[in-house]
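Novice: Handing you a structure now.
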Amino acid sequence: MRKAGAALHGQSVSGVSRVGKHCLYSSLCGLLQHRGIAAAEADLFLLAGSMNAEYEGELRPFGPGTFGDQLRRITASGGPAIRVEAWDPQDSDPHKLVKVLHSGYGTMLHVSSAALTYHEIYVINRARGHVIELHGLDAESGTVHVSDSFLLDSSGQAFQYTGTARLDDLLGGILDYAWLALPPAALSPARMYQACALHIRDYLTGRSDEPRFRKGDAAYRAFIADFQLLSGMNDQEFRHHCGEIYYQLRIGTALTLTDYLHDYALFHQETLGAEAGLIADGAKELYAGWHRLNLLIYKTGLQLDRRRVPAIINRANELADQQYRLLEGLLPLVEHASQHE
């Protein structure tokens, strides 16, 4: 494995420390920041409606949708103009990336983490989708310049890597690439609150445009109900699925949602009013509840303790109730803000 650059809590490409809370939203914040646009990850998460996790059933992946869908929802909700293209896995020619780097206003890559050989954590762990910023490409030297602001070490602590990666490795692992197609402008507060209200309503009603997916609160309820499937699994399946539930609740759904809700309520408290402080407090409490339950799920998988499954289901439903009430309380605040901004 080749190591290059440095993994830091400190300096990024722009000289500003920026360790994120989710790879996609942190990367997009970075691209906007390089163009002089200040945006909070929480705003982008809610703008994309990524609270509306999707679930197909039978403990299949539970999450906020594809990389492309999340970015396209941001654009449709009044965010920056973002273009997304799938990458041909047989394509080893970097010309498309060079073209976008020269003509676009910032580029993101959605890649298999196995291709990110600049840090051993990606090499030794199971490959998963991950998003990084692409800042430069030198075909002659076979290197690219990247920024990864959500690199989780083995303890779960996030930090930032800024430096070079091997071009050949990266080309073999790209899933999609996206770029800012137009010079980005500051987000419109009124449009942002309107989009947030729409997405919260979708969460509460479980509305979905795709029949095969449940979304929002309906997705959480169905996902939790399917925890009962764990009891009939063999040891290997049980341990694997407990680990996957742990990962999916931690990255992109319950813990990400509550963390961003806390930030969102505090960032916009002046506009949303004093009740936003109660939303922030509730989100902090809810985050702690999901965190404790998630650790129990992980431990349950390691210990193969199937007896805990009914209690885990009961507690998860209690937290889903709490989450529903929290979003239900936020809705009138953002609806009012959308009419007065």
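Each chain in the structure tokens gets a letter, A, B, ..., in the order shown, and its residues are numbered from 1; ligands are numbered from 1 in order too.
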Determine, for each residue of range 152-263 of chain A having at least one atom at most 9 Å from an atom of range 288-294 of chain A, the closest pair of atoms and their separation in Å to one decimal, counting only C-alpha atoms; order by chain and ascending number, as a tab-separated table.
Specialist:
```
residue	atom	partner	partner_atom	distance
A:Ile245	CA	A:Asn294	CA	8.1
A:Tyr246	CA	A:Asn294	CA	5.5
A:Tyr247	CA	A:Asn294	CA	8.7
A:Leu249	CA	A:Asn294	CA	7.2
A:Arg250	CA	A:Asn294	CA	7.6
A:Ala254	CA	A:Trp290	CA	6.8
A:Leu255	CA	A:Trp290	CA	6.5
A:Thr258	CA	A:Trp290	CA	8.9
```
Novice: Could you turn the residues from that selection into a file that holds C-alpha atoms, as a tab-separated table (two decimals), in the first residue's frame?
Specialist:
```tsv
chain	number	residue	atom	x	y	z
A	245	ILE	CA	-27.94	-2.69	11.25
A	246	TYR	CA	-25.37	-0.98	13.46
A	247	TYR	CA	-23.67	0.56	10.42
A	249	LEU	CA	-28.30	3.33	11.85
A	250	ARG	CA	-24.97	5.03	12.45
A	254	ALA	CA	-30.87	7.68	12.81
A	255	LEU	CA	-27.60	8.99	14.24
A	258	THR	CA	-30.49	13.44	14.88
```
Novice: Skip range 314-317 of chain A itself and residues of its chain fewer than 4 positions away, then list as a PDB file with N, CA and C atoms, in the first residue's frame all residues within 9 Å of it, counting only C-alpha atoms.
Specialist:
```
ATOM      1  N   TYR A 220     -38.634   3.472   8.704  1.00  0.00           N
ATOM      2  CA  TYR A 220     -38.105   3.135  10.027  1.00  0.00           C
ATOM      3  C   TYR A 220     -38.933   2.026  10.670  1.00  0.00           C
ATOM      4  N   ARG A 221     -40.252   2.135  10.602  1.00  0.00           N
ATOM      5  CA  ARG A 221     -41.119   1.144  11.257  1.00  0.00           C
ATOM      6  C   ARG A 221     -40.932  -0.234  10.621  1.00  0.00           C
ATOM      7  N   ILE A 224     -37.407  -1.665  11.532  1.00  0.00           N
ATOM      8  CA  ILE A 224     -37.385  -2.144  12.922  1.00  0.00           C
ATOM      9  C   ILE A 224     -38.172  -3.442  13.059  1.00  0.00           C
ATOM     10  N   ALA A 225     -39.345  -3.525  12.413  1.00  0.00           N
ATOM     11  CA  ALA A 225     -40.151  -4.752  12.486  1.00  0.00           C
ATOM     12  C   ALA A 225     -39.377  -5.953  11.963  1.00  0.00           C
ATOM     13  N   TRP A 290     -30.364   6.643  20.471  1.00  0.00           N
ATOM     14  CA  TRP A 290     -30.013   5.787  19.332  1.00  0.00           C
ATOM     15  C   TRP A 290     -28.597   5.234  19.491  1.00  0.00           C
ATOM     16  N   LEU A 293     -28.619   2.339  21.980  1.00  0.00           N
ATOM     17  CA  LEU A 293     -29.249   1.163  21.393  1.00  0.00           C
ATOM     18  C   LEU A 293     -28.356   0.543  20.324  1.00  0.00           C
ATOM     19  N   VAL A 309     -33.419  -9.587  21.136  1.00  0.00           N
ATOM     20  CA  VAL A 309     -34.063  -9.018  19.946  1.00  0.00           C
ATOM     21  C   VAL A 309     -35.408  -8.369  20.259  1.00  0.00           C
ATOM     22  N   PRO A 310     -36.330  -8.993  21.001  1.00  0.00           N
ATOM     23  CA  PRO A 310     -37.613  -8.316  21.288  1.00  0.00           C
ATOM     24  C   PRO A 310     -37.433  -6.983  22.026  1.00  0.00           C
ATOM     25  N   ASP A 321     -40.736   6.734  17.705  1.00  0.00           N
ATOM     26  CA  ASP A 321     -41.832   7.611  18.157  1.00  0.00           C
ATOM     27  C   ASP A 321     -41.290   8.990  18.532  1.00  0.00           C
ATOM     28  N   GLN A 322     -40.210   8.981  19.264  1.00  0.00           N
ATOM     29  CA  GLN A 322     -39.585  10.234  19.707  1.00  0.00           C
ATOM     30  C   GLN A 322     -39.101  11.039  18.502  1.00  0.00           C
TER      31      GLN A 322
END
```
Novice: Fewer than 4 positions away in the same chain doesn't count, so skip those; otherwise give me all residues within 9 Å of Tyr55 in chain A, counting only C-alpha atoms, as an MDAnalysis selection string.
Specialist: chainID A and resid 59:64 212:216 218:220 222:223
Novice: The selected residues should be written to file as a compact mmCIF listing (two decimals), in the first residue's frame (atoms: all heavy atoms).
Specialist:
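Result file part.txt:
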```
# COMPACT_ATOMS: atom_id res chain seq x y z
N LEU A 59 -34.42 -6.75 5.66
CA LEU A 59 -33.11 -6.28 6.12
C LEU A 59 -32.14 -5.96 4.99
O LEU A 59 -30.92 -6.01 5.16
CB LEU A 59 -32.48 -7.30 7.08
CG LEU A 59 -33.24 -7.49 8.41
CD1 LEU A 59 -32.53 -8.48 9.30
CD2 LEU A 59 -33.42 -6.15 9.14
N ARG A 60 -32.71 -5.59 3.83
CA ARG A 60 -31.86 -5.04 2.77
C ARG A 60 -31.37 -3.67 3.21
O ARG A 60 -31.87 -3.11 4.18
CB ARG A 60 -32.63 -4.96 1.45
CG ARG A 60 -33.04 -6.31 0.88
CD ARG A 60 -33.67 -6.13 -0.50
NE ARG A 60 -34.11 -7.40 -1.05
CZ ARG A 60 -35.34 -7.90 -0.94
NH1 ARG A 60 -36.26 -7.22 -0.24
NH2 ARG A 60 -35.66 -9.05 -1.46
N PRO A 61 -30.39 -3.09 2.51
CA PRO A 61 -29.82 -1.81 2.95
C PRO A 61 -30.87 -0.74 3.24
O PRO A 61 -31.82 -0.55 2.48
CB PRO A 61 -28.91 -1.42 1.79
CG PRO A 61 -28.46 -2.73 1.24
CD PRO A 61 -29.66 -3.64 1.35
N PHE A 62 -30.67 -0.05 4.33
CA PHE A 62 -31.57 1.00 4.82
C PHE A 62 -30.77 2.30 4.82
O PHE A 62 -29.76 2.41 5.51
CB PHE A 62 -32.01 0.62 6.24
CG PHE A 62 -32.83 1.67 6.95
CD1 PHE A 62 -34.06 2.07 6.46
CD2 PHE A 62 -32.38 2.23 8.14
CE1 PHE A 62 -34.82 3.01 7.14
CE2 PHE A 62 -33.13 3.17 8.82
CZ PHE A 62 -34.36 3.56 8.31
N GLY A 63 -31.19 3.28 4.00
CA GLY A 63 -30.40 4.51 3.93
C GLY A 63 -31.10 5.60 3.16
O GLY A 63 -32.24 5.42 2.69
N PRO A 64 -30.44 6.73 2.99
CA PRO A 64 -31.08 7.92 2.41
C PRO A 64 -31.14 7.96 0.89
O PRO A 64 -31.41 9.00 0.31
CB PRO A 64 -30.22 9.06 2.94
CG PRO A 64 -28.87 8.45 3.11
CD PRO A 64 -29.11 7.03 3.53
N ARG A 212 -41.60 0.28 -4.60
CA ARG A 212 -40.84 -0.80 -3.95
C ARG A 212 -40.15 -0.34 -2.67
O ARG A 212 -39.67 -1.17 -1.89
CB ARG A 212 -39.80 -1.40 -4.92
CG ARG A 212 -38.61 -0.52 -5.25
CD ARG A 212 -37.79 -1.16 -6.35
NE ARG A 212 -36.61 -0.38 -6.67
CZ ARG A 212 -35.40 -0.65 -6.20
NH1 ARG A 212 -35.22 -1.66 -5.38
NH2 ARG A 212 -34.36 0.09 -6.56
N PHE A 213 -40.10 0.98 -2.45
CA PHE A 213 -39.46 1.49 -1.25
C PHE A 213 -40.47 2.08 -0.28
O PHE A 213 -41.38 2.81 -0.68
CB PHE A 213 -38.45 2.60 -1.59
CG PHE A 213 -37.18 2.11 -2.19
CD1 PHE A 213 -36.77 2.55 -3.44
CD2 PHE A 213 -36.36 1.22 -1.51
CE1 PHE A 213 -35.59 2.12 -4.00
CE2 PHE A 213 -35.18 0.78 -2.05
CZ PHE A 213 -34.78 1.22 -3.30
N ARG A 214 -40.31 1.78 0.99
CA ARG A 214 -40.93 2.59 2.03
C ARG A 214 -39.96 3.71 2.37
O ARG A 214 -38.75 3.53 2.29
CB ARG A 214 -41.22 1.75 3.27
CG ARG A 214 -42.25 0.64 3.06
CD ARG A 214 -42.46 -0.10 4.36
NE ARG A 214 -43.42 -1.17 4.25
CZ ARG A 214 -43.13 -2.43 3.90
NH1 ARG A 214 -41.87 -2.75 3.63
NH2 ARG A 214 -44.06 -3.35 3.83
N LYS A 215 -40.50 4.86 2.76
CA LYS A 215 -39.63 5.99 3.08
C LYS A 215 -40.08 6.67 4.36
O LYS A 215 -41.22 6.50 4.82
CB LYS A 215 -39.62 7.00 1.92
CG LYS A 215 -38.91 6.51 0.67
CD LYS A 215 -38.70 7.63 -0.34
CE LYS A 215 -37.90 7.15 -1.52
NZ LYS A 215 -37.62 8.24 -2.48
N GLY A 216 -39.16 7.46 4.93
CA GLY A 216 -39.49 8.23 6.12
C GLY A 216 -39.88 7.36 7.30
O GLY A 216 -39.30 6.30 7.55
N ALA A 218 -42.39 5.47 7.76
CA ALA A 218 -42.82 4.13 7.35
C ALA A 218 -41.62 3.20 7.15
O ALA A 218 -41.69 2.00 7.46
CB ALA A 218 -43.66 4.21 6.07
N ALA A 219 -40.52 3.75 6.64
CA ALA A 219 -39.33 2.94 6.43
C ALA A 219 -38.71 2.53 7.76
O ALA A 219 -38.29 1.37 7.93
CB ALA A 219 -38.31 3.72 5.59
N TYR A 220 -38.63 3.47 8.70
CA TYR A 220 -38.11 3.13 10.03
C TYR A 220 -38.93 2.03 10.67
O TYR A 220 -38.37 1.07 11.24
CB TYR A 220 -38.09 4.37 10.93
CG TYR A 220 -36.85 5.22 10.79
CD1 TYR A 220 -36.77 6.23 9.83
CD2 TYR A 220 -35.74 5.00 11.60
CE1 TYR A 220 -35.63 7.00 9.69
CE2 TYR A 220 -34.60 5.78 11.47
CZ TYR A 220 -34.55 6.77 10.51
OH TYR A 220 -33.41 7.53 10.37
N ALA A 222 -40.85 -0.26 9.29
CA ALA A 222 -40.69 -1.55 8.61
C ALA A 222 -39.32 -2.15 8.88
O ALA A 222 -39.19 -3.37 9.08
CB ALA A 222 -40.90 -1.36 7.10
N PHE A 223 -38.30 -1.32 8.89
CA PHE A 223 -36.94 -1.79 9.16
C PHE A 223 -36.86 -2.39 10.57
O PHE A 223 -36.34 -3.49 10.77
CB PHE A 223 -35.97 -0.62 9.01
CG PHE A 223 -34.51 -0.96 9.19
CD1 PHE A 223 -33.90 -1.94 8.43
CD2 PHE A 223 -33.75 -0.28 10.13
CE1 PHE A 223 -32.55 -2.24 8.58
CE2 PHE A 223 -32.40 -0.56 10.30
CZ PHE A 223 -31.80 -1.55 9.52
```
Novice: With DSSP run on the backbone, what are the strand (DSSP E) residues within range 18-95 of chain A? I'd like them as a list in words.
Specialist: Glu54, Tyr55, Ile82, Arg83, Val84, Glu85 and Ala86 of chain A
Novice: For the residues selected in the previous step, produce a file with N, CA and C atoms as a PDB file, in the first residue's frame.
Specialist:
```pdb
ATOM      1  N   GLU A  54     -34.749   5.145   2.842  1.00  0.00           N
ATOM      2  CA  GLU A  54     -35.478   4.203   2.007  1.00  0.00           C
ATOM      3  C   GLU A  54     -35.258   2.778   2.504  1.00  0.00           C
ATOM      4  N   TYR A  55     -36.310   1.974   2.413  1.00  0.00           N
ATOM      5  CA  TYR A  55     -36.190   0.575   2.852  1.00  0.00           C
ATOM      6  C   TYR A  55     -37.064  -0.303   1.970  1.00  0.00           C
ATOM      7  N   ILE A  82     -26.008  20.710  -9.661  1.00  0.00           N
ATOM      8  CA  ILE A  82     -25.058  19.609  -9.576  1.00  0.00           C
ATOM      9  C   ILE A  82     -25.381  18.591 -10.667  1.00  0.00           C
ATOM     10  N   ARG A  83     -24.382  18.204 -11.421  1.00  0.00           N
ATOM     11  CA  ARG A  83     -24.517  17.151 -12.427  1.00  0.00           C
ATOM     12  C   ARG A  83     -23.898  15.873 -11.886  1.00  0.00           C
ATOM     13  N   VAL A  84     -24.570  14.762 -12.149  1.00  0.00           N
ATOM     14  CA  VAL A  84     -24.090  13.463 -11.682  1.00  0.00           C
ATOM     15  C   VAL A  84     -24.040  12.508 -12.865  1.00  0.00           C
ATOM     16  N   GLU A  85     -22.941  11.764 -12.968  1.00  0.00           N
ATOM     17  CA  GLU A  85     -22.807  10.750 -14.019  1.00  0.00           C
ATOM     18  C   GLU A  85     -22.279   9.461 -13.405  1.00  0.00           C
ATOM     19  N   ALA A  86     -22.801   8.343 -13.892  1.00  0.00           N
ATOM     20  CA  ALA A  86     -22.270   7.047 -13.476  1.00  0.00           C
ATOM     21  C   ALA A  86     -20.933   6.827 -14.181  1.00  0.00           C
TER      22      ALA A  86
END
```
Novice: Can you build me a table of range 161-276 of chain A residues sitting at most 7 Å from range 109-121 of chain A, with the closest atom pair per residue and its distance in Å to one decimal, using only C-alpha atoms, sorted by chain and residue number, as a tab-separated table?
Specialist:
```
residue	atom	partner	partner_atom	distance
A:Ala165	CA	A:Tyr118	CA	5.8
A:Asp169	CA	A:Ala115	CA	5.2
A:Leu170	CA	A:Ala115	CA	5.2
A:Gly172	CA	A:Ala115	CA	6.7
A:Gly173	CA	A:Ser112	CA	5.0
A:Ile174	CA	A:Val111	CA	4.3
A:Leu175	CA	A:Val111	CA	5.1
A:Asp176	CA	A:His110	CA	5.1
A:Tyr177	CA	A:Leu109	CA	4.5
A:Ala178	CA	A:Leu109	CA	6.4
```
Novice: Could you tell me how far CA of Leu171 in chain A sits from CA of Leu28 in chain A, in Å to one decimal place?
Specialist: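 Interatomic distance, CA of Leu28 in chain A to CA of Leu171 in chain A: 20.6 Å.
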Novice: Measuring between only C-alpha atoms, which one of A:Pro94, A:Gly104, A:Gly156, A:Pro189 shows the shortest distance to Asp168 in chain A?
Specialist: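 Comparing A:Pro94, A:Gly104, A:Gly156, A:Pro189 against Asp168 in chain A, the winner is A:Pro94.
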Novice: Please provide as an mmCIF file with N, CA, C and O atoms, in the first residue's frame all residues within 9 Å of range 263-279 of chain A, with the sequence filter that same-chain residues fewer than 4 positions apart are discarded (counting only C-alpha atoms).
Specialist:
```cif
data_model
loop_
_atom_site.group_PDB
_atom_site.id
_atom_site.type_symbol
_atom_site.label_atom_id
_atom_site.label_comp_id
_atom_site.auth_asym_id
_atom_site.auth_seq_id
_atom_site.Cartn_x
_atom_site.Cartn_y
_atom_site.Cartn_z
ATOM 1 N N ALA A 40 -23.869 24.909 5.613
ATOM 2 C CA ALA A 40 -23.768 23.940 6.700
ATOM 3 C C ALA A 40 -24.196 22.569 6.199
ATOM 4 O O ALA A 40 -25.131 22.447 5.402
ATOM 5 N N GLU A 41 -23.505 21.540 6.674
ATOM 6 C CA GLU A 41 -23.891 20.180 6.300
ATOM 7 C C GLU A 41 -25.356 19.915 6.636
ATOM 8 O O GLU A 41 -26.078 19.275 5.864
ATOM 9 N N ALA A 42 -25.788 20.387 7.784
ATOM 10 C CA ALA A 42 -27.167 20.132 8.206
ATOM 11 C C ALA A 42 -28.161 20.712 7.215
ATOM 12 O O ALA A 42 -29.194 20.098 6.914
ATOM 13 N N ASP A 43 -27.868 21.906 6.686
ATOM 14 C CA ASP A 43 -28.759 22.516 5.698
ATOM 15 C C ASP A 43 -28.847 21.653 4.449
ATOM 16 O O ASP A 43 -29.934 21.445 3.892
ATOM 17 N N LEU A 46 -30.913 18.381 5.064
ATOM 18 C CA LEU A 46 -32.349 18.600 5.076
ATOM 19 C C LEU A 46 -32.850 19.067 3.714
ATOM 20 O O LEU A 46 -33.971 18.748 3.313
ATOM 21 N N THR A 258 -30.335 12.710 13.616
ATOM 22 C CA THR A 258 -30.487 13.436 14.880
ATOM 23 C C THR A 258 -29.344 14.420 15.103
ATOM 24 O O THR A 258 -29.551 15.509 15.651
ATOM 25 N N ASP A 259 -28.148 14.054 14.671
ATOM 26 C CA ASP A 259 -27.013 14.970 14.786
ATOM 27 C C ASP A 259 -27.251 16.225 13.947
ATOM 28 O O ASP A 259 -27.049 17.364 14.408
ATOM 29 N N ALA A 283 -33.181 16.622 20.046
ATOM 30 C CA ALA A 283 -32.339 15.897 19.099
ATOM 31 C C ALA A 283 -31.092 15.349 19.784
ATOM 32 O O ALA A 283 -30.649 14.230 19.490
ATOM 33 N N LYS A 284 -30.544 16.127 20.700
ATOM 34 C CA LYS A 284 -29.366 15.658 21.446
ATOM 35 C C LYS A 284 -29.715 14.443 22.293
ATOM 36 O O LYS A 284 -28.956 13.453 22.340
ATOM 37 N N LEU A 326 -40.359 14.786 17.235
ATOM 38 C CA LEU A 326 -39.373 15.852 17.065
ATOM 39 C C LEU A 326 -39.552 16.554 15.718
ATOM 40 O O LEU A 326 -39.591 17.787 15.641
ATOM 41 N N LEU A 327 -39.694 15.766 14.661
ATOM 42 C CA LEU A 327 -39.889 16.341 13.331
ATOM 43 C C LEU A 327 -41.259 16.993 13.214
ATOM 44 O O LEU A 327 -41.417 18.027 12.556
ATOM 45 N N GLY A 329 -42.694 18.522 15.589
ATOM 46 C CA GLY A 329 -42.556 19.811 16.254
ATOM 47 C C GLY A 329 -41.777 20.815 15.440
ATOM 48 O O GLY A 329 -42.021 22.031 15.534
ATOM 49 N N LEU A 330 -40.843 20.344 14.620
ATOM 50 C CA LEU A 330 -40.052 21.256 13.793
ATOM 51 C C LEU A 330 -40.848 21.784 12.605
ATOM 52 O O LEU A 330 -40.619 22.918 12.160
ATOM 53 N N LEU A 333 -42.414 25.283 12.641
ATOM 54 C CA LEU A 333 -41.390 26.322 12.745
ATOM 55 C C LEU A 333 -40.807 26.654 11.375
ATOM 56 O O LEU A 333 -40.632 27.828 11.035
ATOM 57 N N VAL A 334 -40.507 25.638 10.569
ATOM 58 C CA VAL A 334 -39.927 25.912 9.244
ATOM 59 C C VAL A 334 -40.993 26.414 8.285
ATOM 60 O O VAL A 334 -40.713 27.225 7.388
ATOM 61 N N HIS A 336 -43.471 28.397 9.114
ATOM 62 C CA HIS A 336 -43.596 29.815 9.441
ATOM 63 C C HIS A 336 -42.406 30.598 8.903
ATOM 64 O O HIS A 336 -42.565 31.687 8.331
ATOM 65 N N ALA A 337 -41.214 30.034 9.044
ATOM 66 C CA ALA A 337 -40.006 30.720 8.557
ATOM 67 C C ALA A 337 -40.026 30.888 7.050
ATOM 68 O O ALA A 337 -39.586 31.901 6.510
ATOM 69 N N GLU A 341 -39.351 34.804 5.366
ATOM 70 C CA GLU A 341 -37.967 35.100 4.959
ATOM 71 C C GLU A 341 -37.966 35.849 3.628
ATOM 72 O O GLU A 341 -38.783 35.562 2.762
#
```
Novice: Interatomic distance between CA of Asp69 in chain A and CA of Glu335 in chain A?
Specialist: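 Taking CA of Asp69 in chain A as the start and CA of Glu335 in chain A as the end point, the length is 24.3 Å.
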